[in-house]
$ cat entry33.cif   # mmCIF, C-alpha atoms
data_data
#
loop_
_atom_site.label_atom_id
_atom_site.label_comp_id
_atom_site.auth_asym_id
_atom_site.auth_seq_id
_atom_site.Cartn_x
_atom_site.Cartn_y
_atom_site.Cartn_z
CA MET A 26 106.47 174.96 124.65
CA ARG A 27 108.27 172.29 122.63
CA ALA A 28 110.44 171.45 125.65
CA ALA A 29 107.35 171.08 127.83
CA LEU A 30 105.76 168.75 125.33
CA ARG A 31 108.86 166.57 125.21
CA ILE A 32 108.71 165.79 128.93
CA LEU A 33 105.07 164.68 128.90
CA PRO A 34 104.81 160.88 129.41
CA HIS A 35 103.63 158.78 126.52
CA LEU A 36 100.02 157.77 127.15
CA PRO A 37 99.02 154.43 125.63
CA PRO A 38 95.86 154.44 123.51
CA LEU A 39 92.67 153.47 125.30
CA PRO A 40 92.02 149.78 124.60
CA GLU A 41 88.89 148.39 123.00
CA PRO A 42 87.75 145.29 124.90
CA ASP A 43 86.72 142.16 123.04
CA VAL A 44 82.94 142.06 122.73
CA LEU A 45 81.21 138.98 124.15
CA PRO A 46 78.79 137.50 121.59
CA PHE A 47 76.35 136.33 124.30
CA GLY A 48 77.64 136.94 127.81
CA LEU A 49 76.95 135.06 131.02
CA ALA A 50 73.39 136.25 131.64
CA ARG A 51 72.09 135.30 128.19
CA LEU A 52 73.85 131.94 128.08
CA ALA A 53 72.68 130.98 131.57
CA THR A 54 69.09 132.06 130.91
CA GLU A 55 68.91 130.11 127.65
CA LEU A 56 70.06 126.91 129.33
CA PHE A 57 68.03 127.44 132.51
CA ARG A 58 64.85 127.67 130.45
CA GLY A 59 65.58 124.40 128.70
CA HIS A 60 66.88 125.64 125.37
CA PRO A 61 69.37 123.25 123.74
CA VAL A 62 73.07 123.91 124.17
CA GLN A 63 74.03 122.77 120.67
CA PRO A 64 73.03 125.96 118.75
CA LEU A 65 74.92 128.15 121.18
CA GLU A 66 77.98 125.92 121.02
CA ALA A 67 77.82 125.79 117.21
CA ALA A 68 77.59 129.56 116.92
CA LEU A 69 80.66 130.08 119.09
CA ILE A 70 82.73 127.36 117.43
CA GLY A 71 81.73 128.75 114.03
CA ARG A 72 83.06 132.18 114.99
CA LEU A 73 86.30 130.66 116.23
CA ARG A 74 86.78 128.76 112.98
CA GLU A 75 86.48 132.03 111.09
CA ARG A 76 88.54 133.99 113.60
CA PRO A 77 90.71 131.72 115.77
CA LEU A 78 91.84 134.71 117.86
CA ASP A 79 88.31 135.85 118.75
CA ALA A 80 88.84 136.16 122.49
CA GLY A 81 85.21 137.14 123.12
CA ALA A 82 83.89 133.96 121.50
CA LEU A 83 86.45 131.84 123.35
CA HIS A 84 85.49 133.46 126.67
CA ASP A 85 81.81 132.75 126.02
CA LEU A 86 82.66 129.16 125.11
CA ALA A 87 84.45 128.80 128.45
CA THR A 88 81.33 130.11 130.20
CA LEU A 89 79.09 127.72 128.27
CA ILE A 90 81.29 124.73 129.15
CA GLN A 91 81.08 125.61 132.84
CA LEU A 92 77.31 126.05 132.62
CA VAL A 93 76.88 122.47 131.40
CA GLY A 94 78.80 121.20 134.41
CA GLN A 95 82.34 120.83 133.09
CA GLU A 96 84.00 123.35 135.39
CA ALA A 97 87.61 122.15 135.06
CA ARG A 98 87.45 122.13 131.26
CA GLY A 99 85.71 125.50 131.24
CA LEU A 100 88.45 127.04 133.35
CA GLU A 101 91.08 125.68 130.96
CA VAL A 102 89.34 127.39 128.03
CA GLN A 103 88.94 130.56 130.10
CA ALA A 104 92.69 130.61 130.72
CA LYS A 105 93.31 130.36 126.98
CA ALA A 106 90.96 133.26 126.35
CA LEU A 107 92.80 135.38 128.91
CA THR A 108 96.09 134.85 127.08
CA LEU A 109 94.42 136.61 124.13
CA SER A 110 92.70 139.39 126.05
CA ARG A 111 92.11 140.51 129.63
CA MET A 112 89.29 142.91 128.74
CA TYR A 113 85.76 142.01 127.61
CA ARG A 114 82.71 144.09 126.84
CA VAL A 115 79.03 143.36 127.34
CA ALA A 116 77.52 145.95 125.04
CA ALA A 117 74.55 148.08 125.98
CA PRO A 118 71.26 147.18 124.23
CA GLU A 119 71.21 148.15 120.58
CA GLY A 120 70.09 151.72 120.04
CA THR A 121 71.16 152.93 123.50
CA GLN A 122 72.19 156.56 123.44
CA ASP A 123 74.98 157.64 125.80
CA PRO A 124 75.15 154.40 127.82
CA LEU A 125 76.39 154.38 131.37
CA ARG A 126 79.95 153.00 131.22
CA LEU A 127 80.76 150.65 134.08
CA LEU A 128 84.22 149.12 134.46
CA MET A 129 84.37 145.96 136.59
CA PHE A 130 87.54 144.38 137.92
CA ALA A 131 87.34 140.56 138.01
CA VAL A 132 89.59 137.55 138.53
CA PRO A 133 89.75 134.23 136.67
CA GLY A 134 87.67 131.46 138.18
CA ASN A 135 84.27 129.85 138.36
CA PHE A 136 80.94 131.60 138.75
CA MET A 137 81.49 132.30 142.46
CA ALA A 138 84.79 134.13 141.87
CA ASN A 139 83.12 137.38 140.80
CA MET A 140 79.91 139.30 141.23
CA PRO A 141 77.42 138.17 138.53
CA VAL A 142 76.62 141.76 137.66
CA GLU A 143 75.54 140.93 134.09
CA PHE A 144 72.20 139.70 135.45
CA LEU A 145 71.61 143.10 137.07
CA LEU A 146 72.39 144.97 133.86
CA ALA A 147 70.41 142.86 131.39
CA ASP A 148 68.38 145.13 129.05
CA ARG A 149 69.62 148.22 130.92
CA PRO A 150 71.39 151.16 129.19
CA VAL A 151 74.79 150.17 130.55
CA GLN A 152 78.01 149.21 128.80
CA LEU A 153 79.95 146.79 130.99
CA ASP A 154 83.70 146.37 130.52
CA ILE A 155 85.21 143.48 132.48
CA VAL A 156 88.93 143.70 133.22
CA TYR A 157 90.64 140.61 134.63
CA LEU A 158 93.36 141.03 137.22
CA ILE A 159 95.59 137.96 137.28
CA PRO A 160 97.97 137.16 140.15
CA ASP A 161 101.62 137.81 139.23
CA TRP A 162 100.58 139.66 136.06
CA PRO A 163 101.20 143.43 135.84
CA PHE A 164 98.30 145.81 136.23
CA PRO A 165 96.97 146.89 132.81
CA ASP A 166 98.76 149.88 131.28
CA ALA A 167 95.54 151.37 129.98
CA LEU A 168 91.84 150.88 130.64
CA PRO A 169 88.68 151.68 128.68
CA GLU A 170 86.96 154.98 129.37
CA HIS A 171 84.43 154.57 132.16
CA ASP A 172 82.05 156.52 134.37
CA ALA A 173 82.45 154.35 137.47
CA VAL A 174 84.37 151.33 138.76
CA LEU A 175 82.87 148.24 140.35
CA VAL A 176 85.07 145.81 142.27
CA GLY A 177 83.46 142.58 141.16
CA ILE A 178 85.98 140.25 142.82
CA ALA A 179 84.32 138.17 145.51
CA GLU A 180 85.88 137.58 148.91
CA GLY A 181 88.30 134.66 148.98
CA ASP A 182 91.66 133.48 150.24
CA ALA A 183 93.16 133.18 146.76
CA THR A 184 92.52 136.80 145.78
CA ARG A 185 93.72 138.68 148.87
CA GLY A 186 96.98 139.77 147.25
CA VAL A 187 95.18 141.08 144.17
CA MET A 188 92.62 142.86 146.34
CA LEU A 189 95.32 144.48 148.48
CA GLU A 190 97.07 145.96 145.43
CA LEU A 191 93.76 147.01 143.91
CA GLY A 192 92.69 148.73 147.13
CA VAL A 193 95.85 150.86 147.08
CA ARG A 194 95.21 151.91 143.49
CA LEU A 195 91.54 152.67 144.05
CA ALA A 196 92.36 154.98 146.96
CA VAL A 197 93.37 157.61 144.38
CA TRP A 198 91.12 156.55 141.49
CA PRO A 199 89.74 159.54 139.57
CA LYS A 200 86.28 158.00 139.08
CA PRO A 201 83.67 156.78 141.58
CA VAL A 202 84.32 153.32 143.05
CA LEU A 203 81.62 150.89 144.20
CA ASN A 204 82.35 148.06 146.65
CA HIS A 205 85.82 148.81 147.91
CA PRO A 206 88.07 145.77 148.52
CA ARG A 207 88.40 146.49 152.26
CA SER A 208 84.61 146.15 152.66
CA ILE A 209 84.46 143.01 150.54
CA SER A 210 87.01 141.41 152.89
CA LEU A 211 84.58 141.85 155.78
CA THR A 212 82.18 139.34 154.22
CA ALA A 213 84.47 136.37 154.96
CA ARG A 214 82.32 133.92 156.92
CA ASP A 215 84.39 133.99 160.11
CA VAL A 216 84.96 137.76 160.01
CA LEU A 217 81.30 138.52 159.30
CA SER A 218 79.95 136.38 162.12
CA GLU A 219 82.23 138.08 164.66
CA MET A 220 81.39 141.55 163.35
CA LEU A 221 77.63 141.00 163.60
CA ALA A 222 77.66 139.22 166.96
CA ASP A 223 76.66 142.29 169.01
CA ILE A 224 74.01 143.76 166.71
CA ASP A 225 70.59 143.86 168.37
CA GLY A 226 68.08 141.52 166.79
CA VAL A 227 70.71 139.57 164.84
CA LEU A 228 71.74 135.96 165.36
CA ALA A 229 75.00 135.38 163.51
CA PRO A 230 76.21 131.87 164.39
CA PRO A 231 79.92 132.05 165.31
CA VAL A 232 82.11 130.59 162.57
CA ARG A 233 85.53 129.09 163.24
CA ARG A 234 88.14 128.25 160.63
CA LEU A 235 89.77 124.94 161.62
CA SER A 236 92.36 122.79 159.90
CA ARG A 237 91.82 119.15 159.09
CA GLU A 238 94.61 118.27 161.53
CA THR A 239 92.87 120.11 164.36
CA LEU A 240 89.56 118.41 163.66
CA VAL A 241 91.16 114.97 163.37
CA GLU A 242 93.27 115.30 166.53
CA ALA A 243 91.00 117.32 168.82
CA GLY A 244 87.56 117.06 167.22
CA LEU A 245 84.79 119.23 168.65
CA ARG A 246 83.60 119.57 172.22
CA ALA A 247 80.60 117.42 173.08
CA ASP A 248 78.46 120.54 173.54
CA ALA A 249 79.40 121.79 170.04
CA TYR A 250 77.05 119.30 168.38
CA PRO A 251 75.04 119.54 166.24
CA ALA A 252 77.43 121.54 164.09
CA VAL A 253 77.46 122.69 160.50
CA VAL A 254 80.73 122.02 158.64
CA ARG A 255 81.78 123.12 155.17
CA PRO A 256 85.11 123.37 153.31
CA CYS A 257 86.61 126.86 153.24
CA GLY A 258 85.92 128.49 149.90
CA SER A 259 82.87 126.37 149.11
CA HIS A 260 79.52 127.83 148.09
CA ALA A 261 76.00 126.75 147.16
CA GLY A 262 75.99 123.93 149.68
CA GLN A 263 79.02 122.11 148.26
CA GLY A 264 80.45 119.97 151.04
CA LEU A 265 78.01 121.43 153.56
CA ALA A 266 76.85 118.95 156.22
CA ARG A 267 75.21 118.79 159.61
CA ILE A 268 77.33 116.79 162.04
CA ASP A 269 75.63 115.33 165.11
CA ASP A 270 78.47 113.55 166.90
CA ALA A 271 82.17 112.63 166.82
CA ALA A 272 81.53 109.56 164.66
CA GLY A 273 79.74 111.72 162.12
CA LEU A 274 82.64 114.17 162.06
CA GLY A 275 85.10 111.36 161.39
CA ALA A 276 83.00 109.98 158.55
CA TYR A 277 82.64 113.48 157.06
CA LEU A 278 86.39 114.13 157.12
CA ASP A 279 87.04 110.74 155.52
CA SER A 280 84.82 111.81 152.62
CA ARG A 281 86.42 115.23 152.05
CA PRO A 282 89.90 116.07 150.70
CA GLU A 283 90.05 119.71 151.81
CA ALA A 284 92.56 121.05 154.33
CA GLN A 285 90.52 123.87 155.93
CA PHE A 286 86.92 123.94 157.15
CA PHE A 287 84.42 126.40 158.56
CA VAL A 288 82.58 125.11 161.62
CA SER A 289 79.53 126.74 163.20
CA PRO A 290 76.66 125.66 165.49
CA PHE A 291 73.52 124.39 163.83
CA ILE A 292 70.63 126.85 164.16
CA ASP A 293 67.12 125.41 164.02
CA TYR A 294 65.23 128.18 162.25
CA ARG A 295 62.04 126.28 161.52
CA SER A 296 58.82 128.24 161.58
CA ALA A 297 55.90 127.19 163.78
CA ASP A 298 54.63 124.91 161.02
CA GLY A 299 57.92 122.99 160.95
CA VAL A 300 59.04 124.44 157.59
CA PHE A 301 62.32 126.25 156.90
CA ARG A 302 62.14 129.60 155.09
CA LYS A 303 65.28 131.34 153.83
CA TRP A 304 65.26 134.85 152.41
CA ARG A 305 67.67 136.52 150.03
CA VAL A 306 67.61 140.27 150.50
CA SER A 307 69.70 142.69 148.43
CA ALA A 308 71.15 145.88 149.89
CA VAL A 309 71.26 148.56 147.18
CA GLY A 310 72.73 151.73 148.60
CA ASP A 311 70.50 152.46 151.60
CA ARG A 312 67.59 150.31 150.38
CA PHE A 313 66.77 146.68 151.18
CA LEU A 314 64.86 144.78 148.51
CA PRO A 315 63.61 141.16 148.49
CA CYS A 316 65.02 138.77 145.92
CA HIS A 317 63.37 135.47 146.87
CA VAL A 318 62.04 133.28 149.65
CA ALA A 319 62.99 129.59 149.50
CA ILE A 320 60.60 127.29 151.40
CA SER A 321 61.62 123.74 152.28
CA SER A 322 61.12 120.93 154.76
CA HIS A 323 64.93 120.44 154.86
CA TRP A 324 67.30 122.68 156.82
CA MET A 325 69.75 123.04 153.92
CA VAL A 326 67.67 125.40 151.83
CA HIS A 327 68.63 126.63 148.39
CA TYR A 328 66.16 128.04 145.94
CA LEU A 329 66.92 125.37 143.34
CA ASN A 330 66.43 122.45 145.73
CA ALA A 331 63.41 123.81 147.62
CA GLY A 332 60.85 122.50 145.12
CA MET A 333 59.45 125.94 144.36
CA ALA A 334 58.74 125.11 140.71
CA GLU A 335 56.74 122.02 141.70
CA SER A 336 54.58 123.73 144.33
CA ALA A 337 52.01 126.38 143.48
CA GLU A 338 51.34 126.71 147.20
CA LYS A 339 54.97 127.63 147.94
CA ARG A 340 55.05 130.11 145.07
CA ALA A 341 51.83 131.73 146.29
CA GLU A 342 53.37 132.15 149.75
CA GLU A 343 56.57 133.56 148.27
CA ALA A 344 54.62 136.02 146.13
CA ALA A 345 52.63 137.21 149.15
CA SER A 346 55.78 137.51 151.29
CA ILE A 347 57.61 139.56 148.66
CA ALA A 348 54.59 141.81 148.11
CA ALA A 349 54.33 142.44 151.86
CA PHE A 350 58.09 142.84 152.45
CA SER A 351 57.95 146.53 153.37
CA GLU A 352 55.24 145.96 155.96
CA GLY A 353 56.38 142.47 157.00
CA PHE A 354 59.86 140.96 157.02
CA GLY A 355 61.53 144.19 155.91
CA ARG A 356 59.90 146.24 158.65
CA ARG A 357 60.47 143.68 161.41
CA HIS A 358 64.17 143.45 160.62
CA GLY A 359 64.76 146.92 159.18
CA PRO A 360 66.98 148.14 162.06
CA ALA A 361 69.01 144.92 161.97
CA LEU A 362 69.49 145.13 158.19
CA GLU A 363 70.55 148.77 158.46
CA ALA A 364 73.08 147.90 161.15
CA ILE A 365 74.49 145.06 159.02
CA ALA A 366 74.84 147.34 155.98
CA LYS A 367 76.58 150.00 158.08
CA ALA A 368 78.99 147.43 159.53
CA VAL A 369 79.87 145.92 156.15
CA GLY A 370 80.09 149.21 154.25
CA LEU A 371 79.36 147.87 150.76
CA ASP A 372 77.41 149.78 148.13
CA TYR A 373 75.71 146.61 146.89
CA PHE A 374 75.55 143.11 148.37
CA SER A 375 73.05 140.41 149.28
CA ILE A 376 72.21 138.63 152.51
CA ASP A 377 70.94 135.08 152.96
CA CYS A 378 68.93 135.11 156.16
CA ALA A 379 65.93 133.73 158.04
CA GLU A 380 63.80 134.41 161.09
CA THR A 381 63.94 132.51 164.35
CA ALA A 382 60.89 131.58 166.39
CA ASP A 383 61.78 134.34 168.87
CA GLY A 384 61.90 136.97 166.11
CA ARG A 385 65.64 137.39 165.53
CA LEU A 386 67.24 137.73 162.10
CA VAL A 387 69.53 134.75 161.42
CA VAL A 388 72.35 135.72 159.05
CA PHE A 389 73.89 132.78 157.20
CA GLU A 390 75.96 134.64 154.65
CA ALA A 391 76.47 138.04 153.09
CA GLY A 392 78.47 138.94 150.02
CA THR A 393 78.63 140.25 146.50
CA ALA A 394 78.76 136.98 144.54
CA MET A 395 75.16 135.89 145.24
CA ILE A 396 73.16 135.71 142.05
CA VAL A 397 70.08 137.88 141.55
CA HIS A 398 68.42 136.92 138.27
CA GLN A 399 65.27 136.52 136.21
CA MET A 400 65.98 133.16 134.63
CA GLU A 401 62.82 131.46 135.91
CA PRO A 402 60.00 131.19 133.35
CA PRO A 403 57.80 134.27 133.89
CA GLU A 404 54.62 132.29 133.29
CA ILE A 405 55.39 130.21 136.40
CA TYR A 406 56.90 133.02 138.50
CA PRO A 407 55.06 136.19 137.38
CA TYR A 408 55.76 137.91 140.70
CA ARG A 409 59.54 137.55 140.45
CA LYS A 410 60.07 140.03 137.60
CA PRO A 411 58.82 143.16 139.45
CA ALA A 412 60.93 142.24 142.49
CA ILE A 413 64.11 141.62 140.50
CA ASP A 414 63.49 144.65 138.29
CA ALA A 415 63.44 146.79 141.42
CA ILE A 416 66.88 145.47 142.42
CA CYS A 417 68.31 145.85 138.90
CA ASP A 418 66.94 149.36 138.44
CA GLY A 419 68.11 150.31 141.92
CA PHE A 420 71.63 149.16 141.12
CA VAL A 421 71.75 151.10 137.84
CA ASP A 422 70.37 154.19 139.59
CA LEU A 423 73.09 153.80 142.23
CA VAL A 424 75.83 153.74 139.58
CA ARG A 425 74.26 156.68 137.75
CA ALA A 426 74.04 158.70 140.97
CA ARG A 427 77.71 158.05 141.70
CA ARG A 428 78.63 159.18 138.19
CA GLY A 429 76.60 162.34 138.46
#
$ encode --input "entry33.cif" --output "C-alpha cells"
Amino acid sequence: MRAALRILPHLPPLPEPDVLPFGLARLATELFRGHPVQPLEAALIGRLRERPLDAGALHDLATLIQLVGQEARGLEVQAKALTLSRMYRVAAPEGTQDPLRLLMFAVPGNFMANMPVEFLLADRPVQLDIVYLIPDWPFPDALPEHDAVLVGIAEGDATRGVMLELGVRLAVWPKPVLNHPRSISLTARDVLSEMLADIDGVLAPPVRRLSRETLVEAGLRADAYPAVVRPCGSHAGQGLARIDDAAGLGAYLDSRPEAQFFVSPFIDYRSADGVFRKWRVSAVGDRFLPCHVAISSHWMVHYLNAGMAESAEKRAEEAASIAAFSEGFGRRHGPALEAIAKAVGLDYFSIDCAETADGRLVVFEAGTAMIVHQMEPPEIYPYRKPAIDAICDGFVDLVRARRG
C-alpha cells in the first residue's frame, strides 16, 4: 500500500481565484445609467492602496478604464493584473446556497475578445470563475472546482493557436463543455457566409477576405458595387463603410491603416416604409429568443445609434415585435434559424439579422461575443427586462441541465 501511494502523482491544491469587487456587468450598468465614474474609481484605487497586490481590484480598474473609452490604457492595466493572477471570480449573489459553478476560459483583450457572460448571470445563483489563457504561457496546473466549462473566447485570428490547444484538451474534459472551439471557429465572417449560403430562406451575403495590396492593385469589379467594407477583426461598426465606386474605395483605403479587410455586397434590407430594422436573436440550446429590434433610417444599424431612447414610437414598435416574436418573426424564420443553429453547432450564440422585402432572413453576423444586457433604464424600456430575463434564465437552465 505504501509503495502504491508513493507512485501517485502530486496533485496541486485547487486554486482560489481573485474575487472581482464589481465585475464587468455592474461597472458597465452603473456607467450606462449615468452614474459618475469617480466613486467607482476611488473605491478601486483605495483597495489597491491598502493591498497593492489585489489582482481583482486591478482587473476591475482595467475594465473601468476601458469603459470610459481609454482602451489602450485599460489593456495595459489588464496585463499588469494578469501578471498577478490568471483566475478571477464573480461571486454568486449573497446568500446563494449551492451555486452552480461555471468555469469560463477567456483571453486578454477588449470587450469583444470574450463572451460577456457576466450580463447573463447577473443576480443568478451562479459562481463564475474566469481563467485567462495567454499565448505562449503554459496551461494552468490546477483549476477551481466547477460543474461545467464555457469557452468564452470569441472567434478571431489572434486566438486560433490558443483555441486549437484548448480544443484538444476539452476533447477529454471530465465535465460538460459548452461552446466548443471548433464551433466557435465557424462564426468567422467569411466562413459563416459560405456555410449558410445554401440554407433555404437565408440570405447570407458572401464575404471575402482581401488584403490591402489586392484592393489597391486590383480593386473590385464594377458590378461589385455598392459594397460593404470593414477591417478584419473589427466590431460594432468600427471602420465599416458602404463603398459605391472605385474612387470611394481609394478614399476609404487612404483613411484606414489595416492590412486585411472583409468585403461583401451591400444588401438593401429596408422595409416597405423605407426604414431599416435589425434584430438580435439569441440561440439558447434549441430555443430562439428575441433580444432587441433596432429601428433606423440609416442602413448601418446599431442599437445605440438607432435613436431608440429618443423615440417612444420606435420603442412601442419594438415592444410589440418582441411580444409577438413567437407568432411573427420567430415563426416566419423558425426553419431558417434552426438550420443556422444546426450548421454552427454552438450551445449559445446570438445572430444579428433582418428581413428582406421578399421574406428572406438576412444574416449579418453570428457569434458568442454579442452583448445581451439589461443596462437600459427600466422606466424607459419596461418591455426589455422580461425578454432579457428569458435569455438569461434559459442560459442558466442550459448550464444546469448539462451539469445534471
$ residues_around --input "entry33.cif" --residues "region 396-408 of chain A" --least-positions-apart "4" --cutoff "7 Å" --atoms "all atoms listed in the file" --output "list of chain:residue names"
A:Thr54, A:Phe57, A:Arg58, A:Pro141, A:Phe144, A:Cys316, A:Ala344, A:Ala412, A:Ile413
$ residues_around --input "entry33.cif" --residues "Arg425 (chain A)" --least-positions-apart "4" --cutoff "9 Å" --atoms "only C-alpha atoms" --output "PDB file with C-alpha atoms, keeping the file's coordinate frame"
ATOM      1  CA  LEU A 125      76.390 154.380 131.370  1.00  0.00           C
ATOM      2  CA  ASP A 172      82.050 156.520 134.370  1.00  0.00           C
ATOM      3  CA  ALA A 173      82.450 154.350 137.470  1.00  0.00           C
ATOM      4  CA  PHE A 420      71.630 149.160 141.120  1.00  0.00           C
ATOM      5  CA  VAL A 421      71.750 151.100 137.840  1.00  0.00           C
ATOM      6  CA  GLY A 429      76.600 162.340 138.460  1.00  0.00           C
TER       7      GLY A 429
END
$ residues_around --input "entry33.cif" --residues "Gly181 (chain A)" --least-positions-apart "3" --cutoff "8 Å" --atoms "all atoms listed in the file" --output "PyMOL selection string"
chain A and resi 138+184-185+210+213+258
$ write_last_selection --input "entry33.cif" --atoms "C-alpha atoms" --output "mmCIF file, in the coordinates of the input"
data_model
loop_
_atom_site.group_PDB
_atom_site.id
_atom_site.type_symbol
_atom_site.label_atom_id
_atom_site.label_comp_id
_atom_site.auth_asym_id
_atom_site.auth_seq_id
_atom_site.Cartn_x
_atom_site.Cartn_y
_atom_site.Cartn_z
ATOM 1 C CA ALA A 138 84.790 134.130 141.870
ATOM 2 C CA THR A 184 92.520 136.800 145.780
ATOM 3 C CA ARG A 185 93.720 138.680 148.870
ATOM 4 C CA SER A 210 87.010 141.410 152.890
ATOM 5 C CA ALA A 213 84.470 136.370 154.960
ATOM 6 C CA GLY A 258 85.920 128.490 149.900
#
$ atom_distance --input "entry33.cif" --atom1 "CA of Tyr328 (chain A)" --atom2 "CA of Arg409 (chain A)"
12.8 Å
$ atom_distance --input "entry33.cif" --atom1 "CA of Arg312 (chain A)" --atom2 "CA of Val424 (chain A)"
14.0 Å
$ build_atoms --input "entry33.cif" --residues "region 240-255 of chain A" --atoms "N, CA and C atoms" --output "short mmCIF file (atom, residue, chain, number, x, y, z; two decimals), keeping the file's coordinate frame"
data_model
loop_
_atom_site.label_atom_id
_atom_site.label_comp_id
_atom_site.auth_asym_id
_atom_site.auth_seq_id
_atom_site.Cartn_x
_atom_site.Cartn_y
_atom_site.Cartn_z
N LEU A 240 90.80 119.15 163.53
CA LEU A 240 89.56 118.41 163.66
C LEU A 240 89.82 116.92 163.87
N VAL A 241 90.85 116.39 163.21
CA VAL A 241 91.16 114.97 163.37
C VAL A 241 91.70 114.69 164.77
N GLU A 242 92.60 115.56 165.26
CA GLU A 242 93.27 115.30 166.53
C GLU A 242 92.42 115.68 167.74
N ALA A 243 91.73 116.83 167.65
CA ALA A 243 91.00 117.32 168.82
C ALA A 243 89.48 117.19 168.67
N GLY A 244 89.00 117.14 167.43
CA GLY A 244 87.56 117.06 167.22
C GLY A 244 86.85 118.31 167.73
N LEU A 245 85.59 118.15 168.10
CA LEU A 245 84.79 119.23 168.65
C LEU A 245 84.34 118.86 170.06
N ARG A 246 84.12 119.85 170.88
CA ARG A 246 83.60 119.57 172.22
C ARG A 246 82.22 118.92 172.11
N ALA A 247 81.88 118.13 173.11
CA ALA A 247 80.60 117.42 173.08
C ALA A 247 79.43 118.38 172.97
N ASP A 248 79.57 119.60 173.58
CA ASP A 248 78.46 120.54 173.54
C ASP A 248 78.43 121.36 172.25
N ALA A 249 79.38 121.07 171.32
CA ALA A 249 79.40 121.79 170.04
C ALA A 249 78.47 121.16 169.01
N TYR A 250 77.94 119.98 169.32
CA TYR A 250 77.05 119.30 168.38
C TYR A 250 75.60 119.66 168.69
N PRO A 251 74.74 119.71 167.67
CA PRO A 251 75.04 119.54 166.24
C PRO A 251 75.77 120.76 165.68
N ALA A 252 76.62 120.49 164.71
CA ALA A 252 77.43 121.54 164.09
C ALA A 252 77.24 121.48 162.57
N VAL A 253 77.49 122.61 161.96
CA VAL A 253 77.46 122.69 160.50
C VAL A 253 78.91 122.87 160.04
N VAL A 254 79.35 122.00 159.12
CA VAL A 254 80.73 122.02 158.64
C VAL A 254 80.72 122.17 157.12
N ARG A 255 81.65 122.96 156.63
CA ARG A 255 81.78 123.12 155.17
C ARG A 255 83.24 123.43 154.86
#
